[in-house]
Amino acid sequence: MKASQIEIHDLIRDRSSSRNYDPDRPISVEKIERLLEAARWAPSAGNGQPWRYIVFDRRNEDALAQARACLNPDNQVWANRAPVLLLAVAKTLRASGKINATALHDLGLANENILLQAVSMGLHCRPMAGFDHEGARKKFGIPHGFDPVVMVAVGYPGRIEDLAVDVQSKEMAVRTRREINNIGFFGAWEMKDPTHRESV
């Protein structure tokens with residue numbers, strides 16, 4: 001893991017999208033509810049709160065198996081070890097019937113709240129776009145005006161040596177990010193901040 005060159009909050013620095021889960025350690029209902037409570041308090045345009053979550057855990061093994069079956073094979077290799085999957089759904093239509101242009105943005109804010117709350121609770125948490133979106137819609141009865149966006153694996157950290165070799169190498173890879181001057185511009189598009197010093 002590459003440390004941030006600028007001081008940021010520990011929860012942000014320590015968050016990573018891990019593929020490493022303990023399949024034998026369940027997550028309590030209380031902790032799942034705490035994750036959803038974190039999502040509930042995310043900001044949203046007009047306080048529309050366009051996020052919905054379908055929870056899959058061992059209280060309904062059949063539904064959990066169906067959710068796992070929706071995942072792309074590459075994700076199933078490691079995500080089937082996670083005891084909980086959350087299907088994050090965006091309400092894409094407003095009450096007026098018009099498209100909610102900020103629905104995905106707002107769902108992303110709620111998802112980040114879940115990820116940071118998970119870190120604070122000692123949990124691993126990884127969102128995945130690699131799943132059968134339309135299959136999930138049909139299997140789980142998601143109505144018109146709501147779109148399944150990401151599946152989120154949640155669980156306690158497991159033993160990295162229990163993962164497939166290629167997954168282990170991904171887990172141990174150095175995390176990288178673009179430099180600030182490549183994402184934040186000064187006064188106009190791609191204008192560099194003259195006071196910013198590149199990280200070394």
# chains A, B, ... in the order shown; residues from 1 in each chain; ligands from 1
>>> residues_around(residues="Val77 (chain A)", least_positions_apart="3", cutoff="12 Å", atoms="only C-alpha atoms", output="list of chain:residue names")
A:Arg19, A:Asn20, A:Tyr21, A:Arg68, A:Ala69, A:Leu71, A:Asn72, A:Pro73, A:Asp74, A:Asn80, A:Arg81, A:Ala82, A:Asp162, A:Leu163, A:Ala164, A:Val165, A:Asp166, A:Val167, A:Gln168
>>> write_last_selection(atoms="C-alpha atoms", output="tab-separated table (two decimals), in the first residue's frame")
chain	number	residue	atom	x	y	z
A	19	ARG	CA	-10.78	-9.25	-2.31
A	20	ASN	CA	-9.77	-11.00	0.92
A	21	TYR	CA	-12.64	-12.36	3.06
A	68	ARG	CA	-23.38	-14.90	-6.17
A	69	ALA	CA	-24.50	-16.54	-9.41
A	71	LEU	CA	-21.43	-12.17	-10.46
A	72	ASN	CA	-18.96	-12.44	-13.33
A	73	PRO	CA	-16.80	-15.59	-12.99
A	74	ASP	CA	-13.67	-13.55	-12.21
A	80	ASN	CA	-18.15	-16.04	-3.05
A	81	ARG	CA	-16.07	-16.09	0.13
A	82	ALA	CA	-17.75	-12.90	1.39
A	162	ASP	CA	-6.34	-19.05	1.14
A	163	LEU	CA	-6.90	-17.00	-2.02
A	164	ALA	CA	-6.02	-18.12	-5.54
A	165	VAL	CA	-2.45	-17.18	-6.46
A	166	ASP	CA	-3.49	-14.56	-9.02
A	167	VAL	CA	-5.86	-12.96	-6.52
A	168	GLN	CA	-3.09	-12.90	-3.91
>>> select_by_dssp(residues="chain A", states="helix (DSSP H, G or I)", output="VMD selection string")
chain A and resid 10 to 14 29 to 40 45 to 47 58 to 70 73 to 79 103 to 120 133 to 139 160 to 162 165 to 172 180 to 183
>>> write_last_selection(atoms="C-alpha atoms", output="mmCIF file, in the first residue's frame")
data_model
loop_
_atom_site.group_PDB
_atom_site.id
_atom_site.type_symbol
_atom_site.label_atom_id
_atom_site.label_comp_id
_atom_site.auth_asym_id
_atom_site.auth_seq_id
_atom_site.Cartn_x
_atom_site.Cartn_y
_atom_site.Cartn_z
ATOM 1 C CA ASP A 10 -7.322 7.574 8.575
ATOM 2 C CA LEU A 11 -10.606 6.077 7.315
ATOM 3 C CA ILE A 12 -9.910 7.344 3.800
ATOM 4 C CA ARG A 13 -6.240 6.350 3.865
ATOM 5 C CA ASP A 14 -6.953 2.855 5.207
ATOM 6 C CA VAL A 29 -27.557 -8.129 11.641
ATOM 7 C CA GLU A 30 -26.660 -5.175 13.860
ATOM 8 C CA LYS A 31 -23.509 -4.493 11.846
ATOM 9 C CA ILE A 32 -25.326 -4.794 8.532
ATOM 10 C CA GLU A 33 -27.884 -2.290 9.809
ATOM 11 C CA ARG A 34 -25.061 0.032 10.844
ATOM 12 C CA LEU A 35 -23.727 -0.021 7.277
ATOM 13 C CA LEU A 36 -27.175 0.797 5.927
ATOM 14 C CA GLU A 37 -27.553 3.565 8.498
ATOM 15 C CA ALA A 38 -24.313 5.086 7.226
ATOM 16 C CA ALA A 39 -25.740 5.023 3.691
ATOM 17 C CA ARG A 40 -28.995 6.563 4.918
ATOM 18 C CA ALA A 45 -29.747 16.352 -4.535
ATOM 19 C CA GLY A 46 -32.951 17.790 -3.131
ATOM 20 C CA ASN A 47 -32.698 15.203 -0.347
ATOM 21 C CA ARG A 58 -26.877 -16.392 5.385
ATOM 22 C CA ARG A 59 -30.354 -15.680 6.721
ATOM 23 C CA ASN A 60 -31.496 -16.562 3.176
ATOM 24 C CA GLU A 61 -28.964 -18.940 1.653
ATOM 25 C CA ASP A 62 -30.953 -19.324 -1.573
ATOM 26 C CA ALA A 63 -31.028 -15.580 -2.251
ATOM 27 C CA LEU A 64 -27.310 -15.316 -1.397
ATOM 28 C CA ALA A 65 -26.542 -18.134 -3.845
ATOM 29 C CA GLN A 66 -28.580 -16.376 -6.552
ATOM 30 C CA ALA A 67 -26.729 -13.106 -5.944
ATOM 31 C CA ARG A 68 -23.383 -14.896 -6.173
ATOM 32 C CA ALA A 69 -24.498 -16.544 -9.411
ATOM 33 C CA CYS A 70 -25.093 -13.075 -10.898
ATOM 34 C CA PRO A 73 -16.804 -15.586 -12.993
ATOM 35 C CA ASP A 74 -13.669 -13.550 -12.208
ATOM 36 C CA ASN A 75 -15.477 -11.979 -9.261
ATOM 37 C CA GLN A 76 -16.995 -15.244 -8.070
ATOM 38 C CA VAL A 77 -13.492 -16.646 -7.483
ATOM 39 C CA TRP A 78 -13.040 -14.376 -4.460
ATOM 40 C CA ALA A 79 -16.419 -12.727 -3.771
ATOM 41 C CA ALA A 103 -29.010 9.479 -9.051
ATOM 42 C CA LEU A 104 -25.710 7.703 -9.728
ATOM 43 C CA HIS A 105 -23.736 10.477 -8.043
ATOM 44 C CA ASP A 106 -25.948 10.280 -4.968
ATOM 45 C CA LEU A 107 -25.801 6.474 -4.829
ATOM 46 C CA GLY A 108 -22.011 6.773 -5.029
ATOM 47 C CA LEU A 109 -22.022 9.038 -1.980
ATOM 48 C CA ALA A 110 -24.120 6.512 -0.055
ATOM 49 C CA ASN A 111 -21.815 3.695 -1.156
ATOM 50 C CA GLU A 112 -18.748 5.610 0.041
ATOM 51 C CA ASN A 113 -20.427 6.054 3.430
ATOM 52 C CA ILE A 114 -20.816 2.268 3.577
ATOM 53 C CA LEU A 115 -17.169 1.720 2.626
ATOM 54 C CA LEU A 116 -15.857 4.123 5.261
ATOM 55 C CA GLN A 117 -18.210 2.767 7.925
ATOM 56 C CA ALA A 118 -16.978 -0.728 7.060
ATOM 57 C CA VAL A 119 -13.353 0.348 7.595
ATOM 58 C CA SER A 120 -14.277 1.769 11.003
ATOM 59 C CA HIS A 133 -27.443 -6.361 -14.181
ATOM 60 C CA GLU A 134 -30.534 -7.456 -16.083
ATOM 61 C CA GLY A 135 -30.404 -10.898 -14.534
ATOM 62 C CA ALA A 136 -30.337 -9.309 -11.085
ATOM 63 C CA ARG A 137 -33.261 -7.064 -12.016
ATOM 64 C CA LYS A 138 -35.372 -10.074 -12.969
ATOM 65 C CA LYS A 139 -34.270 -12.375 -10.134
ATOM 66 C CA ILE A 160 -4.512 -14.127 2.097
ATOM 67 C CA GLU A 161 -2.852 -17.522 1.578
ATOM 68 C CA ASP A 162 -6.339 -19.049 1.140
ATOM 69 C CA VAL A 165 -2.448 -17.179 -6.463
ATOM 70 C CA ASP A 166 -3.486 -14.559 -9.024
ATOM 71 C CA VAL A 167 -5.860 -12.962 -6.524
ATOM 72 C CA GLN A 168 -3.086 -12.899 -3.912
ATOM 73 C CA SER A 169 -0.857 -10.966 -6.307
ATOM 74 C CA LYS A 170 -3.613 -8.414 -6.900
ATOM 75 C CA GLU A 171 -4.112 -8.011 -3.158
ATOM 76 C CA MET A 172 -0.414 -7.362 -2.569
ATOM 77 C CA ILE A 180 -3.174 16.099 -7.654
ATOM 78 C CA ASN A 181 -2.153 18.197 -10.659
ATOM 79 C CA ASN A 182 -3.611 15.501 -12.914
ATOM 80 C CA ILE A 183 -7.065 15.647 -11.315
#
>>> atom_distance(atom1="CA of Asp147 (chain A)", atom2="CA of Leu93 (chain A)")
9.7 Å
>>> residues_around(residues="Asp24 (chain A)", least_positions_apart="2", cutoff="8 Å", atoms="only C-alpha atoms", output="ChimeraX atom specification")
/A:22,26,83
>>> closest_residue(among="A:Gly155, A:Asp132, A:Ser17, A:Arg52", to="Leu85 (chain A)", atoms="only C-alpha atoms")
A:Gly155
>>> select_by_dssp(residues="chain A", states="strand (DSSP E or B)", output="MDAnalysis selection string")
chainID A and resid 51:56 71 84:91 93 99 124:128 131 146:155
>>> write_last_selection(atoms="N, CA and C atoms", output="short mmCIF file (atom, residue, chain, number, x, y, z; two decimals), in the first residue's frame")
data_model
loop_
_atom_site.label_atom_id
_atom_site.label_comp_id
_atom_site.auth_asym_id
_atom_site.auth_seq_id
_atom_site.Cartn_x
_atom_site.Cartn_y
_atom_site.Cartn_z
N TRP A 51 -31.21 5.94 -3.23
CA TRP A 51 -30.49 4.69 -3.07
C TRP A 51 -31.38 3.64 -2.42
N ARG A 52 -31.22 2.43 -2.87
CA ARG A 52 -31.88 1.28 -2.26
C ARG A 52 -30.83 0.16 -2.22
N TYR A 53 -30.94 -0.72 -1.23
CA TYR A 53 -29.99 -1.83 -1.09
C TYR A 53 -30.75 -3.13 -0.84
N ILE A 54 -30.39 -4.15 -1.58
CA ILE A 54 -30.89 -5.49 -1.29
C ILE A 54 -29.76 -6.24 -0.60
N VAL A 55 -30.05 -6.77 0.58
CA VAL A 55 -29.05 -7.45 1.41
C VAL A 55 -29.15 -8.96 1.17
N PHE A 56 -28.01 -9.57 0.93
CA PHE A 56 -27.93 -11.03 0.78
C PHE A 56 -26.95 -11.56 1.83
N LEU A 71 -22.75 -12.76 -10.31
CA LEU A 71 -21.43 -12.17 -10.46
C LEU A 71 -20.69 -12.75 -11.66
N VAL A 84 -21.54 -11.57 3.01
CA VAL A 84 -22.62 -10.62 2.71
C VAL A 84 -22.36 -9.98 1.35
N LEU A 85 -23.42 -9.88 0.56
CA LEU A 85 -23.42 -9.07 -0.65
C LEU A 85 -24.53 -8.04 -0.53
N LEU A 86 -24.24 -6.83 -0.96
CA LEU A 86 -25.24 -5.77 -1.03
C LEU A 86 -25.41 -5.40 -2.50
N LEU A 87 -26.64 -5.38 -2.98
CA LEU A 87 -26.90 -4.89 -4.33
C LEU A 87 -27.37 -3.45 -4.21
N ALA A 88 -26.54 -2.52 -4.71
CA ALA A 88 -26.83 -1.10 -4.65
C ALA A 88 -27.63 -0.70 -5.87
N VAL A 89 -28.79 -0.10 -5.64
CA VAL A 89 -29.74 0.22 -6.70
C VAL A 89 -30.02 1.72 -6.68
N ALA A 90 -30.05 2.33 -7.87
CA ALA A 90 -30.33 3.77 -7.98
C ALA A 90 -31.76 3.99 -8.47
N LYS A 91 -32.47 4.89 -7.80
CA LYS A 91 -33.81 5.32 -8.26
C LYS A 91 -33.58 6.38 -9.33
N LEU A 93 -35.66 7.61 -11.71
CA LEU A 93 -36.76 8.49 -12.08
C LEU A 93 -37.26 9.25 -10.87
N ILE A 99 -36.07 11.99 -15.55
CA ILE A 99 -34.84 11.29 -15.17
C ILE A 99 -34.12 12.07 -14.08
N HIS A 124 -13.80 -5.64 5.53
CA HIS A 124 -13.41 -5.39 4.15
C HIS A 124 -14.68 -5.18 3.32
N CYS A 125 -14.55 -4.39 2.26
CA CYS A 125 -15.73 -4.01 1.48
C CYS A 125 -15.26 -3.67 0.07
N ARG A 126 -15.84 -4.30 -0.95
CA ARG A 126 -15.41 -4.03 -2.33
C ARG A 126 -16.63 -3.95 -3.25
N PRO A 127 -16.84 -2.81 -3.91
CA PRO A 127 -17.92 -2.70 -4.91
C PRO A 127 -17.49 -3.35 -6.22
N MET A 128 -18.47 -3.93 -6.93
CA MET A 128 -18.20 -4.60 -8.20
C MET A 128 -19.26 -4.21 -9.22
N PHE A 131 -21.29 -7.82 -12.85
CA PHE A 131 -22.36 -8.78 -12.56
C PHE A 131 -23.44 -8.61 -13.63
N PHE A 146 -35.79 1.95 -11.38
CA PHE A 146 -34.69 1.62 -10.47
C PHE A 146 -33.68 0.78 -11.24
N ASP A 147 -32.39 1.13 -11.11
CA ASP A 147 -31.35 0.40 -11.84
C ASP A 147 -30.33 -0.20 -10.88
N PRO A 148 -30.07 -1.53 -10.98
CA PRO A 148 -28.97 -2.11 -10.21
C PRO A 148 -27.65 -1.58 -10.74
N VAL A 149 -26.78 -1.10 -9.85
CA VAL A 149 -25.56 -0.41 -10.29
C VAL A 149 -24.30 -1.17 -9.90
N VAL A 150 -24.14 -1.51 -8.64
CA VAL A 150 -22.98 -2.28 -8.21
C VAL A 150 -23.40 -3.31 -7.17
N MET A 151 -22.63 -4.39 -7.10
CA MET A 151 -22.75 -5.37 -6.03
C MET A 151 -21.56 -5.13 -5.10
N VAL A 152 -21.82 -5.13 -3.80
CA VAL A 152 -20.77 -4.83 -2.83
C VAL A 152 -20.53 -6.06 -1.95
N ALA A 153 -19.30 -6.57 -1.96
CA ALA A 153 -18.92 -7.67 -1.08
C ALA A 153 -18.51 -7.10 0.27
N VAL A 154 -18.97 -7.75 1.35
CA VAL A 154 -18.67 -7.28 2.71
C VAL A 154 -18.28 -8.48 3.56
N GLY A 155 -17.24 -8.32 4.37
CA GLY A 155 -16.86 -9.39 5.29
C GLY A 155 -15.63 -9.04 6.09
#
>>> atom_distance(atom1="CA of Ile8 (chain A)", atom2="CA of Gly187 (chain A)")
24.0 Å
>>> decode(residues="region 115-160 of chain A", atoms="N, CA and C atoms", output="PDB file, in the first residue's frame")
ATOM      1  N   LEU A 115     -18.562   2.160   2.654  1.00  0.00           N
ATOM      2  CA  LEU A 115     -17.169   1.720   2.626  1.00  0.00           C
ATOM      3  C   LEU A 115     -16.394   2.258   3.824  1.00  0.00           C
ATOM      4  N   LEU A 116     -16.591   3.529   4.138  1.00  0.00           N
ATOM      5  CA  LEU A 116     -15.857   4.123   5.261  1.00  0.00           C
ATOM      6  C   LEU A 116     -16.361   3.578   6.595  1.00  0.00           C
ATOM      7  N   GLN A 117     -17.666   3.371   6.702  1.00  0.00           N
ATOM      8  CA  GLN A 117     -18.210   2.767   7.925  1.00  0.00           C
ATOM      9  C   GLN A 117     -17.649   1.360   8.101  1.00  0.00           C
ATOM     10  N   ALA A 118     -17.536   0.629   6.995  1.00  0.00           N
ATOM     11  CA  ALA A 118     -16.978  -0.728   7.060  1.00  0.00           C
ATOM     12  C   ALA A 118     -15.553  -0.701   7.593  1.00  0.00           C
ATOM     13  N   VAL A 119     -14.737   0.237   7.107  1.00  0.00           N
ATOM     14  CA  VAL A 119     -13.353   0.348   7.595  1.00  0.00           C
ATOM     15  C   VAL A 119     -13.346   0.573   9.096  1.00  0.00           C
ATOM     16  N   SER A 120     -14.238   1.448   9.569  1.00  0.00           N
ATOM     17  CA  SER A 120     -14.277   1.769  11.003  1.00  0.00           C
ATOM     18  C   SER A 120     -14.667   0.566  11.853  1.00  0.00           C
ATOM     19  N   MET A 121     -15.299  -0.434  11.245  1.00  0.00           N
ATOM     20  CA  MET A 121     -15.767  -1.627  11.945  1.00  0.00           C
ATOM     21  C   MET A 121     -14.847  -2.824  11.715  1.00  0.00           C
ATOM     22  N   GLY A 122     -13.709  -2.596  11.071  1.00  0.00           N
ATOM     23  CA  GLY A 122     -12.772  -3.686  10.824  1.00  0.00           C
ATOM     24  C   GLY A 122     -13.187  -4.628   9.724  1.00  0.00           C
ATOM     25  N   LEU A 123     -14.051  -4.167   8.822  1.00  0.00           N
ATOM     26  CA  LEU A 123     -14.551  -4.999   7.728  1.00  0.00           C
ATOM     27  C   LEU A 123     -13.865  -4.650   6.417  1.00  0.00           C
ATOM     28  N   HIS A 124     -13.799  -5.636   5.528  1.00  0.00           N
ATOM     29  CA  HIS A 124     -13.413  -5.394   4.149  1.00  0.00           C
ATOM     30  C   HIS A 124     -14.680  -5.179   3.324  1.00  0.00           C
ATOM     31  N   CYS A 125     -14.549  -4.392   2.264  1.00  0.00           N
ATOM     32  CA  CYS A 125     -15.728  -4.011   1.482  1.00  0.00           C
ATOM     33  C   CYS A 125     -15.257  -3.666   0.069  1.00  0.00           C
ATOM     34  N   ARG A 126     -15.835  -4.304  -0.950  1.00  0.00           N
ATOM     35  CA  ARG A 126     -15.408  -4.032  -2.326  1.00  0.00           C
ATOM     36  C   ARG A 126     -16.626  -3.953  -3.250  1.00  0.00           C
ATOM     37  N   PRO A 127     -16.842  -2.806  -3.908  1.00  0.00           N
ATOM     38  CA  PRO A 127     -17.915  -2.703  -4.907  1.00  0.00           C
ATOM     39  C   PRO A 127     -17.490  -3.349  -6.219  1.00  0.00           C
ATOM     40  N   MET A 128     -18.470  -3.933  -6.926  1.00  0.00           N
ATOM     41  CA  MET A 128     -18.200  -4.602  -8.203  1.00  0.00           C
ATOM     42  C   MET A 128     -19.260  -4.210  -9.221  1.00  0.00           C
ATOM     43  N   ALA A 129     -18.808  -3.785 -10.397  1.00  0.00           N
ATOM     44  CA  ALA A 129     -19.735  -3.558 -11.508  1.00  0.00           C
ATOM     45  C   ALA A 129     -19.912  -4.830 -12.330  1.00  0.00           C
ATOM     46  N   GLY A 130     -19.012  -5.808 -12.106  1.00  0.00           N
ATOM     47  CA  GLY A 130     -19.012  -7.030 -12.901  1.00  0.00           C
ATOM     48  C   GLY A 130     -20.044  -8.038 -12.428  1.00  0.00           C
ATOM     49  N   PHE A 131     -21.291  -7.818 -12.854  1.00  0.00           N
ATOM     50  CA  PHE A 131     -22.359  -8.780 -12.559  1.00  0.00           C
ATOM     51  C   PHE A 131     -23.444  -8.611 -13.628  1.00  0.00           C
ATOM     52  N   ASP A 132     -24.344  -9.556 -13.683  1.00  0.00           N
ATOM     53  CA  ASP A 132     -25.431  -9.552 -14.658  1.00  0.00           C
ATOM     54  C   ASP A 132     -26.528  -8.611 -14.169  1.00  0.00           C
ATOM     55  N   HIS A 133     -26.514  -7.386 -14.663  1.00  0.00           N
ATOM     56  CA  HIS A 133     -27.443  -6.361 -14.181  1.00  0.00           C
ATOM     57  C   HIS A 133     -28.892  -6.732 -14.492  1.00  0.00           C
ATOM     58  N   GLU A 134     -29.155  -7.124 -15.717  1.00  0.00           N
ATOM     59  CA  GLU A 134     -30.534  -7.456 -16.083  1.00  0.00           C
ATOM     60  C   GLU A 134     -30.991  -8.749 -15.413  1.00  0.00           C
ATOM     61  N   GLY A 135     -30.062  -9.681 -15.257  1.00  0.00           N
ATOM     62  CA  GLY A 135     -30.404 -10.898 -14.534  1.00  0.00           C
ATOM     63  C   GLY A 135     -30.781 -10.607 -13.095  1.00  0.00           C
ATOM     64  N   ALA A 136     -30.028  -9.697 -12.460  1.00  0.00           N
ATOM     65  CA  ALA A 136     -30.337  -9.309 -11.085  1.00  0.00           C
ATOM     66  C   ALA A 136     -31.686  -8.605 -11.015  1.00  0.00           C
ATOM     67  N   ARG A 137     -31.969  -7.749 -11.994  1.00  0.00           N
ATOM     68  CA  ARG A 137     -33.261  -7.064 -12.016  1.00  0.00           C
ATOM     69  C   ARG A 137     -34.410  -8.067 -12.003  1.00  0.00           C
ATOM     70  N   LYS A 138     -34.297  -9.089 -12.853  1.00  0.00           N
ATOM     71  CA  LYS A 138     -35.372 -10.074 -12.969  1.00  0.00           C
ATOM     72  C   LYS A 138     -35.445 -10.971 -11.738  1.00  0.00           C
ATOM     73  N   LYS A 139     -34.280 -11.447 -11.271  1.00  0.00           N
ATOM     74  CA  LYS A 139     -34.270 -12.375 -10.134  1.00  0.00           C
ATOM     75  C   LYS A 139     -34.828 -11.753  -8.866  1.00  0.00           C
ATOM     76  N   PHE A 140     -34.530 -10.467  -8.666  1.00  0.00           N
ATOM     77  CA  PHE A 140     -34.844  -9.855  -7.376  1.00  0.00           C
ATOM     78  C   PHE A 140     -35.981  -8.843  -7.446  1.00  0.00           C
ATOM     79  N   GLY A 141     -36.691  -8.817  -8.576  1.00  0.00           N
ATOM     80  CA  GLY A 141     -37.913  -8.030  -8.676  1.00  0.00           C
ATOM     81  C   GLY A 141     -37.715  -6.531  -8.627  1.00  0.00           C
ATOM     82  N   ILE A 142     -36.630  -6.043  -9.227  1.00  0.00           N
ATOM     83  CA  ILE A 142     -36.355  -4.603  -9.206  1.00  0.00           C
ATOM     84  C   ILE A 142     -37.242  -3.921 -10.244  1.00  0.00           C
ATOM     85  N   PRO A 143     -38.059  -2.954  -9.841  1.00  0.00           N
ATOM     86  CA  PRO A 143     -39.052  -2.384 -10.761  1.00  0.00           C
ATOM     87  C   PRO A 143     -38.478  -1.336 -11.711  1.00  0.00           C
ATOM     88  N   HIS A 144     -39.296  -0.957 -12.684  1.00  0.00           N
ATOM     89  CA  HIS A 144     -38.956   0.121 -13.618  1.00  0.00           C
ATOM     90  C   HIS A 144     -38.673   1.398 -12.835  1.00  0.00           C
ATOM     91  N   GLY A 145     -37.676   2.148 -13.300  1.00  0.00           N
ATOM     92  CA  GLY A 145     -37.301   3.385 -12.610  1.00  0.00           C
ATOM     93  C   GLY A 145     -36.207   3.191 -11.581  1.00  0.00           C
ATOM     94  N   PHE A 146     -35.792   1.946 -11.384  1.00  0.00           N
ATOM     95  CA  PHE A 146     -34.694   1.623 -10.474  1.00  0.00           C
ATOM     96  C   PHE A 146     -33.684   0.779 -11.241  1.00  0.00           C
ATOM     97  N   ASP A 147     -32.392   1.127 -11.114  1.00  0.00           N
ATOM     98  CA  ASP A 147     -31.352   0.398 -11.843  1.00  0.00           C
ATOM     99  C   ASP A 147     -30.331  -0.204 -10.880  1.00  0.00           C
ATOM    100  N   PRO A 148     -30.070  -1.528 -10.980  1.00  0.00           N
ATOM    101  CA  PRO A 148     -28.970  -2.109 -10.208  1.00  0.00           C
ATOM    102  C   PRO A 148     -27.646  -1.581 -10.745  1.00  0.00           C
ATOM    103  N   VAL A 149     -26.777  -1.098  -9.851  1.00  0.00           N
ATOM    104  CA  VAL A 149     -25.560  -0.408 -10.288  1.00  0.00           C
ATOM    105  C   VAL A 149     -24.303  -1.172  -9.905  1.00  0.00           C
ATOM    106  N   VAL A 150     -24.143  -1.511  -8.637  1.00  0.00           N
ATOM    107  CA  VAL A 150     -22.981  -2.284  -8.206  1.00  0.00           C
ATOM    108  C   VAL A 150     -23.398  -3.309  -7.165  1.00  0.00           C
ATOM    109  N   MET A 151     -22.633  -4.390  -7.104  1.00  0.00           N
ATOM    110  CA  MET A 151     -22.751  -5.371  -6.032  1.00  0.00           C
ATOM    111  C   MET A 151     -21.565  -5.132  -5.104  1.00  0.00           C
ATOM    112  N   VAL A 152     -21.819  -5.133  -3.797  1.00  0.00           N
ATOM    113  CA  VAL A 152     -20.768  -4.834  -2.826  1.00  0.00           C
ATOM    114  C   VAL A 152     -20.533  -6.055  -1.946  1.00  0.00           C
ATOM    115  N   ALA A 153     -19.301  -6.570  -1.959  1.00  0.00           N
ATOM    116  CA  ALA A 153     -18.921  -7.672  -1.075  1.00  0.00           C
ATOM    117  C   ALA A 153     -18.514  -7.102   0.273  1.00  0.00           C
ATOM    118  N   VAL A 154     -18.965  -7.745   1.353  1.00  0.00           N
ATOM    119  CA  VAL A 154     -18.669  -7.279   2.708  1.00  0.00           C
ATOM    120  C   VAL A 154     -18.283  -8.478   3.565  1.00  0.00           C
ATOM    121  N   GLY A 155     -17.237  -8.319   4.370  1.00  0.00           N
ATOM    122  CA  GLY A 155     -16.857  -9.394   5.287  1.00  0.00           C
ATOM    123  C   GLY A 155     -15.630  -9.038   6.093  1.00  0.00           C
ATOM    124  N   TYR A 156     -15.322  -9.892   7.031  1.00  0.00           N
ATOM    125  CA  TYR A 156     -14.091  -9.724   7.810  1.00  0.00           C
ATOM    126  C   TYR A 156     -12.903 -10.202   6.975  1.00  0.00           C
ATOM    127  N   PRO A 157     -11.722  -9.634   7.223  1.00  0.00           N
ATOM    128  CA  PRO A 157     -10.538 -10.084   6.479  1.00  0.00           C
ATOM    129  C   PRO A 157     -10.253 -11.564   6.728  1.00  0.00           C
ATOM    130  N   GLY A 158      -9.854 -12.251   5.677  1.00  0.00           N
ATOM    131  CA  GLY A 158      -9.479 -13.650   5.795  1.00  0.00           C
ATOM    132  C   GLY A 158      -7.974 -13.814   5.701  1.00  0.00           C
ATOM    133  N   ARG A 159      -7.542 -15.045   5.444  1.00  0.00           N
ATOM    134  CA  ARG A 159      -6.115 -15.338   5.283  1.00  0.00           C
ATOM    135  C   ARG A 159      -5.770 -15.224   3.809  1.00  0.00           C
ATOM    136  N   ILE A 160      -4.835 -14.370   3.499  1.00  0.00           N
ATOM    137  CA  ILE A 160      -4.512 -14.127   2.097  1.00  0.00           C
ATOM    138  C   ILE A 160      -4.005 -15.389   1.412  1.00  0.00           C
TER     139      ILE A 160
END
